[in-house]
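Next comes coords.tsv, a file with TSV, C-alpha atoms.
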chain	number	residue	atom	x	y	z
A	1	ALA	CA	0.00	0.00	0.00
A	2	THR	CA	2.92	2.38	0.62
A	3	GLN	CA	4.26	1.72	-2.89
A	4	VAL	CA	1.24	3.01	-4.82
A	5	GLU	CA	-0.88	6.13	-5.25
A	6	ILE	CA	-4.45	6.18	-6.58
A	7	ARG	CA	-6.09	9.29	-7.96
A	8	ARG	CA	-9.55	9.47	-9.50
A	9	THR	CA	-10.97	11.83	-12.08
A	10	LYS	CA	-14.24	13.63	-11.32
A	11	TYR	CA	-15.93	10.76	-13.21
A	12	GLY	CA	-14.32	8.21	-10.89
A	13	VAL	CA	-11.77	6.70	-13.30
A	14	PRO	CA	-8.77	5.52	-11.25
A	15	HIS	CA	-5.25	6.54	-12.23
A	16	ILE	CA	-2.74	4.26	-10.51
A	17	LEU	CA	0.91	5.23	-10.09
A	18	ALA	CA	2.97	2.39	-8.60
A	19	GLU	CA	6.62	1.68	-7.89
A	20	ASN	CA	6.37	-1.85	-9.28
A	21	LEU	CA	3.98	-4.24	-11.03
A	22	ARG	CA	2.99	-6.01	-7.83
A	23	ALA	CA	1.87	-2.74	-6.22
A	24	ALA	CA	0.03	-1.72	-9.41
A	25	ALA	CA	-2.03	-4.92	-9.38
A	26	PHE	CA	-2.59	-4.50	-5.62
A	27	ALA	CA	-4.20	-1.12	-6.31
A	28	LEU	CA	-6.22	-2.43	-9.26
A	29	ALA	CA	-7.83	-5.04	-7.01
A	30	TRP	CA	-8.57	-2.41	-4.38
A	31	VAL	CA	-10.34	0.02	-6.73
A	32	GLN	CA	-12.33	-2.74	-8.41
A	33	VAL	CA	-13.75	-3.90	-5.09
A	34	GLU	CA	-14.30	-0.29	-4.07
A	35	ASP	CA	-16.37	0.28	-7.23
A	36	HIS	CA	-18.11	-3.07	-7.71
A	37	GLY	CA	-18.45	-4.51	-4.24
A	38	THR	CA	-17.37	-7.62	-2.43
A	39	SER	CA	-18.93	-9.95	-5.00
A	40	ILE	CA	-15.47	-9.88	-6.60
A	41	ILE	CA	-14.05	-11.42	-3.44
A	42	THR	CA	-16.81	-14.01	-2.99
A	43	SER	CA	-16.51	-15.05	-6.64
A	44	MET	CA	-12.81	-15.63	-6.07
A	45	HIS	CA	-13.79	-17.84	-3.15
A	46	ALA	CA	-15.81	-19.90	-5.64
A	47	VAL	CA	-12.73	-20.28	-7.83
A	48	ARG	CA	-11.16	-22.29	-5.02
A	49	GLY	CA	-14.12	-24.68	-4.94
A	50	ARG	CA	-15.36	-23.87	-1.44
A	51	THR	CA	-18.90	-22.64	-1.98
A	52	ALA	CA	-20.64	-25.91	-1.04
A	53	LEU	CA	-19.43	-25.38	2.52
A	54	HIS	CA	-21.86	-22.47	2.72
A	55	ASP	CA	-24.42	-23.00	-0.07
A	56	GLY	CA	-24.96	-26.73	0.37
A	57	PRO	CA	-25.03	-29.78	-1.93
A	58	ARG	CA	-26.21	-27.88	-5.01
A	59	ARG	CA	-22.69	-26.48	-5.36
A	60	ILE	CA	-20.82	-29.80	-5.18
A	61	ASP	CA	-20.39	-30.29	-8.94
A	62	ALA	CA	-19.33	-26.69	-9.52
A	63	ASP	CA	-16.84	-26.89	-6.65
A	64	ALA	CA	-15.37	-30.13	-8.01
A	65	ARG	CA	-14.77	-28.57	-11.43
A	66	ALA	CA	-13.34	-25.45	-9.80
A	67	ARG	CA	-10.85	-27.56	-7.86
A	68	LEU	CA	-9.67	-29.18	-11.08
A	69	ARG	CA	-8.95	-25.76	-12.54
A	70	HIS	CA	-7.27	-24.67	-9.32
A	71	ALA	CA	-5.01	-27.72	-9.40
A	72	ARG	CA	-4.00	-26.80	-12.95
A	73	ALA	CA	-3.21	-23.26	-11.82
A	74	ALA	CA	-1.12	-24.52	-8.92
A	75	ALA	CA	0.84	-26.84	-11.23
A	76	THR	CA	1.64	-24.10	-13.75
A	77	PHE	CA	1.97	-20.92	-11.68
A	78	ASP	CA	5.75	-21.15	-11.28
A	79	SER	CA	6.20	-21.53	-15.04
A	80	LEU	CA	4.72	-18.06	-15.67
A	81	HIS	CA	6.96	-15.08	-16.36
A	82	ALA	CA	8.09	-13.33	-13.17
A	83	ASP	CA	6.21	-10.15	-14.14
A	84	THR	CA	3.00	-12.14	-14.62
A	85	ARG	CA	3.42	-13.83	-11.24
A	86	ASP	CA	3.96	-10.45	-9.61
A	87	ILE	CA	0.72	-9.10	-11.06
A	88	TYR	CA	-1.30	-12.12	-9.97
A	89	ALA	CA	0.24	-12.03	-6.49
A	90	GLY	CA	-0.29	-8.28	-6.17
A	91	PHE	CA	-3.95	-8.54	-7.16
A	92	ALA	CA	-4.46	-11.27	-4.54
A	93	GLU	CA	-2.85	-9.12	-1.86
A	94	GLY	CA	-5.10	-6.21	-2.86
A	95	LEU	CA	-8.13	-8.40	-2.10
A	96	ASN	CA	-6.54	-9.52	1.18
A	97	HIS	CA	-5.86	-5.93	2.22
A	98	TRP	CA	-9.48	-4.98	1.53
A	99	ILE	CA	-10.68	-7.87	3.68
A	100	ARG	CA	-8.41	-6.86	6.57
A	101	VAL	CA	-9.43	-3.19	6.40
A	102	HIS	CA	-13.15	-4.00	6.07
A	103	ARG	CA	-13.24	-7.12	8.25
A	104	ALA	CA	-16.53	-6.23	9.93
A	105	ALA	CA	-18.35	-6.01	6.59
A	106	MET	CA	-17.11	-9.35	5.25
A	107	PRO	CA	-18.63	-12.81	5.85
A	108	ALA	CA	-16.75	-14.74	8.48
A	109	PHE	CA	-15.81	-17.51	6.02
A	110	ILE	CA	-13.90	-15.04	3.82
A	111	GLN	CA	-10.32	-14.81	5.05
A	112	PRO	CA	-7.42	-12.65	3.79
A	113	ASP	CA	-5.53	-15.65	2.43
A	114	PHE	CA	-5.86	-15.36	-1.35
A	115	THR	CA	-2.78	-16.11	-3.43
A	116	GLY	CA	-1.63	-15.51	-6.98
A	117	THR	CA	-2.57	-19.10	-7.77
A	118	ASP	CA	-6.19	-18.33	-6.86
A	119	ILE	CA	-6.29	-15.40	-9.28
A	120	LEU	CA	-4.68	-17.48	-12.04
A	121	ALA	CA	-7.29	-20.23	-11.51
A	122	ARG	CA	-9.96	-17.72	-12.54
A	123	ASP	CA	-8.31	-17.51	-15.96
A	124	ILE	CA	-8.02	-21.30	-16.49
A	125	VAL	CA	-10.73	-22.25	-18.99
A	126	TRP	CA	-11.82	-25.37	-20.83
A	127	PRO	CA	-15.08	-26.47	-22.46
A	128	THR	CA	-18.11	-25.49	-20.42
A	129	GLU	CA	-20.64	-28.02	-19.23
A	130	ALA	CA	-23.05	-26.62	-21.83
A	131	ALA	CA	-20.57	-27.38	-24.62
A	132	LEU	CA	-19.86	-30.85	-23.27
A	133	ASN	CA	-23.57	-31.61	-22.88
A	134	ALA	CA	-24.16	-30.52	-26.49
A	135	LEU	CA	-21.69	-33.19	-27.56
A	136	ARG	CA	-23.17	-35.84	-25.27
A	137	GLN	CA	-26.64	-35.29	-26.70
A	138	ARG	CA	-25.60	-36.14	-30.26
A	139	PRO	CA	-27.08	-39.33	-31.75
A	140	ALA	CA	-24.72	-42.26	-31.40
A	141	THR	CA	-23.00	-43.30	-34.61
A	142	SER	CA	-20.34	-45.82	-35.47
A	143	ASP	CA	-19.09	-43.74	-38.39
A	144	PRO	CA	-17.30	-40.54	-37.27
A	145	ASP	CA	-17.37	-39.23	-40.86
A	146	THR	CA	-21.17	-39.04	-40.80
A	147	ALA	CA	-21.60	-37.88	-37.21
A	148	ALA	CA	-23.34	-34.55	-36.82
A	149	PRO	CA	-21.08	-31.84	-35.39
A	150	PRO	CA	-21.70	-30.54	-31.87
A	151	ALA	CA	-24.31	-27.81	-31.63
A	152	ASP	CA	-21.76	-25.08	-30.95
A	153	TYR	CA	-20.09	-25.69	-34.33
A	154	GLU	CA	-22.91	-23.87	-36.10
A	155	GLY	CA	-22.45	-20.39	-34.74
A	156	THR	CA	-25.13	-19.02	-37.07
A	157	ALA	CA	-26.79	-17.10	-34.25
A	158	TYR	CA	-23.59	-15.09	-33.85
A	159	ASP	CA	-22.70	-14.42	-37.47
A	160	ASP	CA	-23.97	-10.83	-37.35
A	161	VAL	CA	-22.72	-10.01	-33.87
A	162	GLY	CA	-19.47	-8.16	-33.34
A	163	SER	CA	-17.69	-4.93	-32.62
A	164	ASN	CA	-16.18	-2.32	-34.92
A	165	ALA	CA	-12.66	-0.97	-35.06
A	166	TRP	CA	-11.23	1.53	-37.53
A	167	ALA	CA	-7.52	2.30	-38.00
A	168	LEU	CA	-6.70	5.54	-39.84
A	169	ALA	CA	-3.24	5.91	-41.32
A	170	PRO	CA	-1.27	9.14	-40.66
A	171	SER	CA	-1.74	10.13	-44.31
A	172	ARG	CA	-5.52	10.22	-43.70
A	173	THR	CA	-5.57	12.42	-40.58
A	174	THR	CA	-5.14	16.16	-40.11
A	175	SER	CA	-2.70	15.59	-37.24
A	176	GLY	CA	-0.47	13.36	-39.34
A	177	ARG	CA	-0.71	10.66	-36.69
A	178	ALA	CA	-2.47	7.31	-36.72
A	179	ILE	CA	-5.89	7.14	-35.06
A	180	LEU	CA	-7.61	4.03	-33.73
A	181	LEU	CA	-11.34	4.14	-33.02
A	182	ARG	CA	-13.32	1.27	-31.57
A	183	ASN	CA	-16.96	0.64	-30.73
A	184	PRO	CA	-17.47	-2.55	-28.69
A	185	HIS	CA	-21.29	-2.37	-29.00
A	186	LEU	CA	-21.66	-3.56	-25.41
A	187	ALA	CA	-23.45	-2.14	-22.40
A	188	TRP	CA	-21.80	-0.40	-19.48
A	189	THR	CA	-22.71	-3.49	-17.45
A	190	ALA	CA	-20.80	-5.88	-19.75
A	191	GLY	CA	-17.94	-6.28	-17.29
A	192	TYR	CA	-15.39	-3.74	-18.49
A	193	TYR	CA	-13.27	-1.81	-16.02
A	194	GLU	CA	-11.65	1.45	-17.11
A	195	ALA	CA	-8.35	2.37	-15.46
A	196	HIS	CA	-4.94	3.90	-16.04
A	197	ILE	CA	-1.94	2.03	-14.66
A	198	ARG	CA	1.56	3.46	-14.69
A	199	VAL	CA	4.79	1.92	-13.41
A	200	PRO	CA	7.59	4.29	-14.46
A	201	GLY	CA	9.96	2.60	-16.87
A	202	ARG	CA	7.82	-0.56	-17.04
A	203	LEU	CA	4.18	0.08	-17.94
A	204	ASP	CA	1.90	2.95	-18.94
A	205	PHE	CA	-1.51	1.65	-20.06
A	206	TYR	CA	-4.95	3.23	-20.15
A	207	GLY	CA	-7.89	1.08	-21.15
A	208	ASP	CA	-10.18	-1.80	-20.28
A	209	PHE	CA	-9.69	-4.57	-17.80
A	210	ARG	CA	-12.20	-7.23	-16.86
A	211	ILE	CA	-13.94	-6.78	-13.53
A	212	GLY	CA	-12.56	-9.36	-11.11
A	213	GLY	CA	-9.03	-9.77	-12.45
A	214	PRO	CA	-5.87	-7.95	-13.47
A	215	PHE	CA	-5.79	-9.14	-17.09
A	216	THR	CA	-8.12	-9.88	-20.01
A	217	VAL	CA	-7.52	-6.46	-21.48
A	218	ILE	CA	-10.05	-5.64	-24.22
A	219	GLY	CA	-8.56	-2.45	-25.58
A	220	GLY	CA	-6.77	0.77	-24.78
A	221	PHE	CA	-3.52	2.58	-25.45
A	222	ASN	CA	-0.03	3.43	-24.24
A	223	PRO	CA	2.12	6.37	-25.43
A	224	TYR	CA	2.98	4.53	-28.64
A	225	LEU	CA	0.27	2.04	-29.59
A	226	GLY	CA	-3.48	1.54	-29.52
A	227	PHE	CA	-5.11	-1.85	-28.94
A	228	SER	CA	-8.55	-3.06	-29.95
A	229	THR	CA	-10.48	-6.32	-30.17
A	230	THR	CA	-13.82	-7.29	-31.65
A	231	ASN	CA	-16.35	-9.92	-30.62
A	232	ASN	CA	-16.43	-13.18	-32.50
A	233	ALA	CA	-17.92	-16.63	-32.19
A	234	SER	CA	-14.71	-18.64	-32.15
A	235	ARG	CA	-14.49	-21.75	-30.00
A	236	SER	CA	-11.63	-22.18	-27.58
A	237	HIS	CA	-11.84	-25.98	-27.69
A	238	GLU	CA	-11.89	-28.86	-30.14
A	239	TYR	CA	-13.22	-32.42	-29.92
A	240	TYR	CA	-11.20	-35.53	-30.75
A	241	ALA	CA	-12.57	-39.06	-31.20
A	242	PHE	CA	-10.53	-42.15	-30.37
A	243	ALA	CA	-11.34	-45.85	-30.53
A	244	LEU	CA	-11.48	-47.67	-27.22
A	245	ALA	CA	-8.85	-50.37	-26.83
A	246	PRO	CA	-10.25	-53.89	-27.29
A	247	ALA	CA	-10.34	-55.84	-24.04
A	248	ARG	CA	-8.50	-53.06	-22.19
A	249	PRO	CA	-10.88	-51.24	-19.84
A	250	ASP	CA	-10.18	-47.52	-19.57
A	251	HIS	CA	-7.70	-47.51	-22.45
A	252	PHE	CA	-7.95	-45.87	-25.87
A	253	MET	CA	-5.99	-46.48	-29.06
A	254	LEU	CA	-3.36	-43.98	-30.18
A	255	ASP	CA	-1.06	-44.72	-33.14
A	256	GLY	CA	-1.94	-48.40	-32.90
A	257	ALA	CA	-1.14	-48.76	-29.20
A	258	PRO	CA	-3.39	-48.72	-26.11
A	259	VAL	CA	-3.00	-45.69	-23.86
A	260	PRO	CA	-4.58	-45.54	-20.38
A	261	LEU	CA	-7.17	-42.94	-19.53
A	262	GLN	CA	-6.35	-40.94	-16.42
A	263	SER	CA	-8.76	-40.14	-13.63
A	264	ASP	CA	-8.94	-37.48	-10.95
A	265	THR	CA	-11.00	-38.05	-7.83
A	266	ILE	CA	-12.06	-34.79	-6.20
A	267	VAL	CA	-13.36	-34.66	-2.63
A	268	VAL	CA	-15.67	-31.74	-1.89
A	269	GLU	CA	-16.82	-30.68	1.55
A	270	TYR	CA	-20.39	-29.43	1.77
A	271	LEU	CA	-22.86	-28.27	4.39
A	272	GLU	CA	-26.22	-30.00	4.87
A	273	GLY	CA	-28.55	-29.77	7.81
A	274	GLY	CA	-26.02	-27.81	9.80
A	275	ARG	CA	-23.40	-30.55	9.46
A	276	THR	CA	-20.38	-30.91	7.22
A	277	ALA	CA	-20.14	-33.93	4.90
A	278	THR	CA	-18.01	-34.90	1.91
A	279	ALA	CA	-18.80	-36.01	-1.63
A	280	MET	CA	-16.55	-37.45	-4.33
A	281	ARG	CA	-16.57	-36.70	-8.04
A	282	GLU	CA	-14.47	-38.54	-10.63
A	283	PHE	CA	-13.21	-36.91	-13.81
A	284	TRP	CA	-11.52	-38.72	-16.70
A	285	ARG	CA	-8.93	-37.11	-18.96
A	286	THR	CA	-6.23	-37.75	-21.52
A	287	GLU	CA	-3.24	-35.73	-22.61
A	288	PHE	CA	-5.59	-34.10	-25.14
A	289	GLY	CA	-8.03	-32.82	-22.52
A	290	PRO	CA	-11.05	-33.92	-20.49
A	291	VAL	CA	-13.10	-36.91	-21.61
A	292	ALA	CA	-16.44	-35.54	-22.77
A	293	HIS	CA	-18.16	-38.81	-23.68
A	294	ARG	CA	-17.41	-42.54	-23.80
Just give me the structure as structure tokens.
Amino acid sequence: ATQVEIRRTKYGVPHILAENLRAAAFALAWVQVEDHGTSIITSMHAVRGRTALHDGPRRIDADARARLRHARAAATFDSLHADTRDIYAGFAEGLNHWIRVHRAAMPAFIQPDFTGTDILARDIVWPTEAALNALRQRPATSDPDTAAPPADYEGTAYDDVGSNAWALAPSRTTSGRAILLRNPHLAWTAGYYEAHIRVPGRLDFYGDFRIGGPFTVIGGFNPYLGFSTTNNASRSHEYYAFALAPARPDHFMLDGAPVPLQSDTIVVEYLEGGRTATAMREFWRTEFGPVAHR
């Protein structure tokens, strides 16, 4: 907190001046919670797969999947660039500092013990349950060449949805400088967070962040470049089909040889009738990703 200064414009936009990246992310977490409430903190609690301890059995499946993502984050956190780790760790400490300062206003189960791994786990994504269920509901077929594609292959409902961005070359502007204009076509409630972050000699960025995290920048600018994205209907996952190995339970064929499927057993604690119990969920996977259907 002593390494960062936050100033706001009369419209409330935060301008963060920090001595280092960790302090900058610390401040970004603070202002986001200040502006959008403690739901940011409770949603981070869900990322760790702990909500069933307070919301009951209906959250068991969601908690189990969250713990899988968290395990992936824990296994890969140290492989991230040092700057990236600093930003994740600083954002976590910003949440922790808010909890300590506003202890009386926070639920008792929320503790100031978030880590950079927790924040990274929020950014770990794989096919949603909706996408997996779309695949599972396809008619069974023995011929993969004639199988209908999953429902989310179509994308026709999104063909006309998107944003606009225009780049004007210096030869086309009266100032003689390039101009970038973007129109995201989204509401103020779409989850953007406007802020200016400056770490002298390291970073000077003004633009959009996603509420609840230090990354997922949508667009903005620094002293030299402008950045813009547009919406699209691309899929971040792909499906692969493999033959099961004959007479080898829980094996599939790869390049003519049987390969074992791998399983993860997740134990989730949950609250029911005022007492704590546990439930187990099993997930199957391969080196290519989670098993969607067998």
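Taking atom CA of Ser163 of chain A as the reference point, atom CA of Ala178 of chain A is found at 20.0 Å.
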By how many Å are atom CA of Ala64 of chain A and atom CA of Asp118 of chain A apart?
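Between these atoms lies a distance of 15.0 Å.
Distances here use all atoms listed in the file; by that measure, the residue among A:Trp166, A:Ala257, A:Asp264, A:Pro200 closest to Val4 of chain A is A:Pro200.
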Show me, as a PyMOL selection string, the residues that have an atom within 12 Å of segment 15-18 of chain A when counting all atoms listed in the file, minus same-chain residues fewer than 4 positions from it.
chain A and resi 1-11+22-31+87+90+194-207
Could you please give me, as number ranges by chain, the residues of protein, DNA or RNA lying at most 8 Å from (-5.1, 6.4, -40.4) in the coordinate frame of the file, considering all atoms listed in the file?
A: 167-173, 177-180
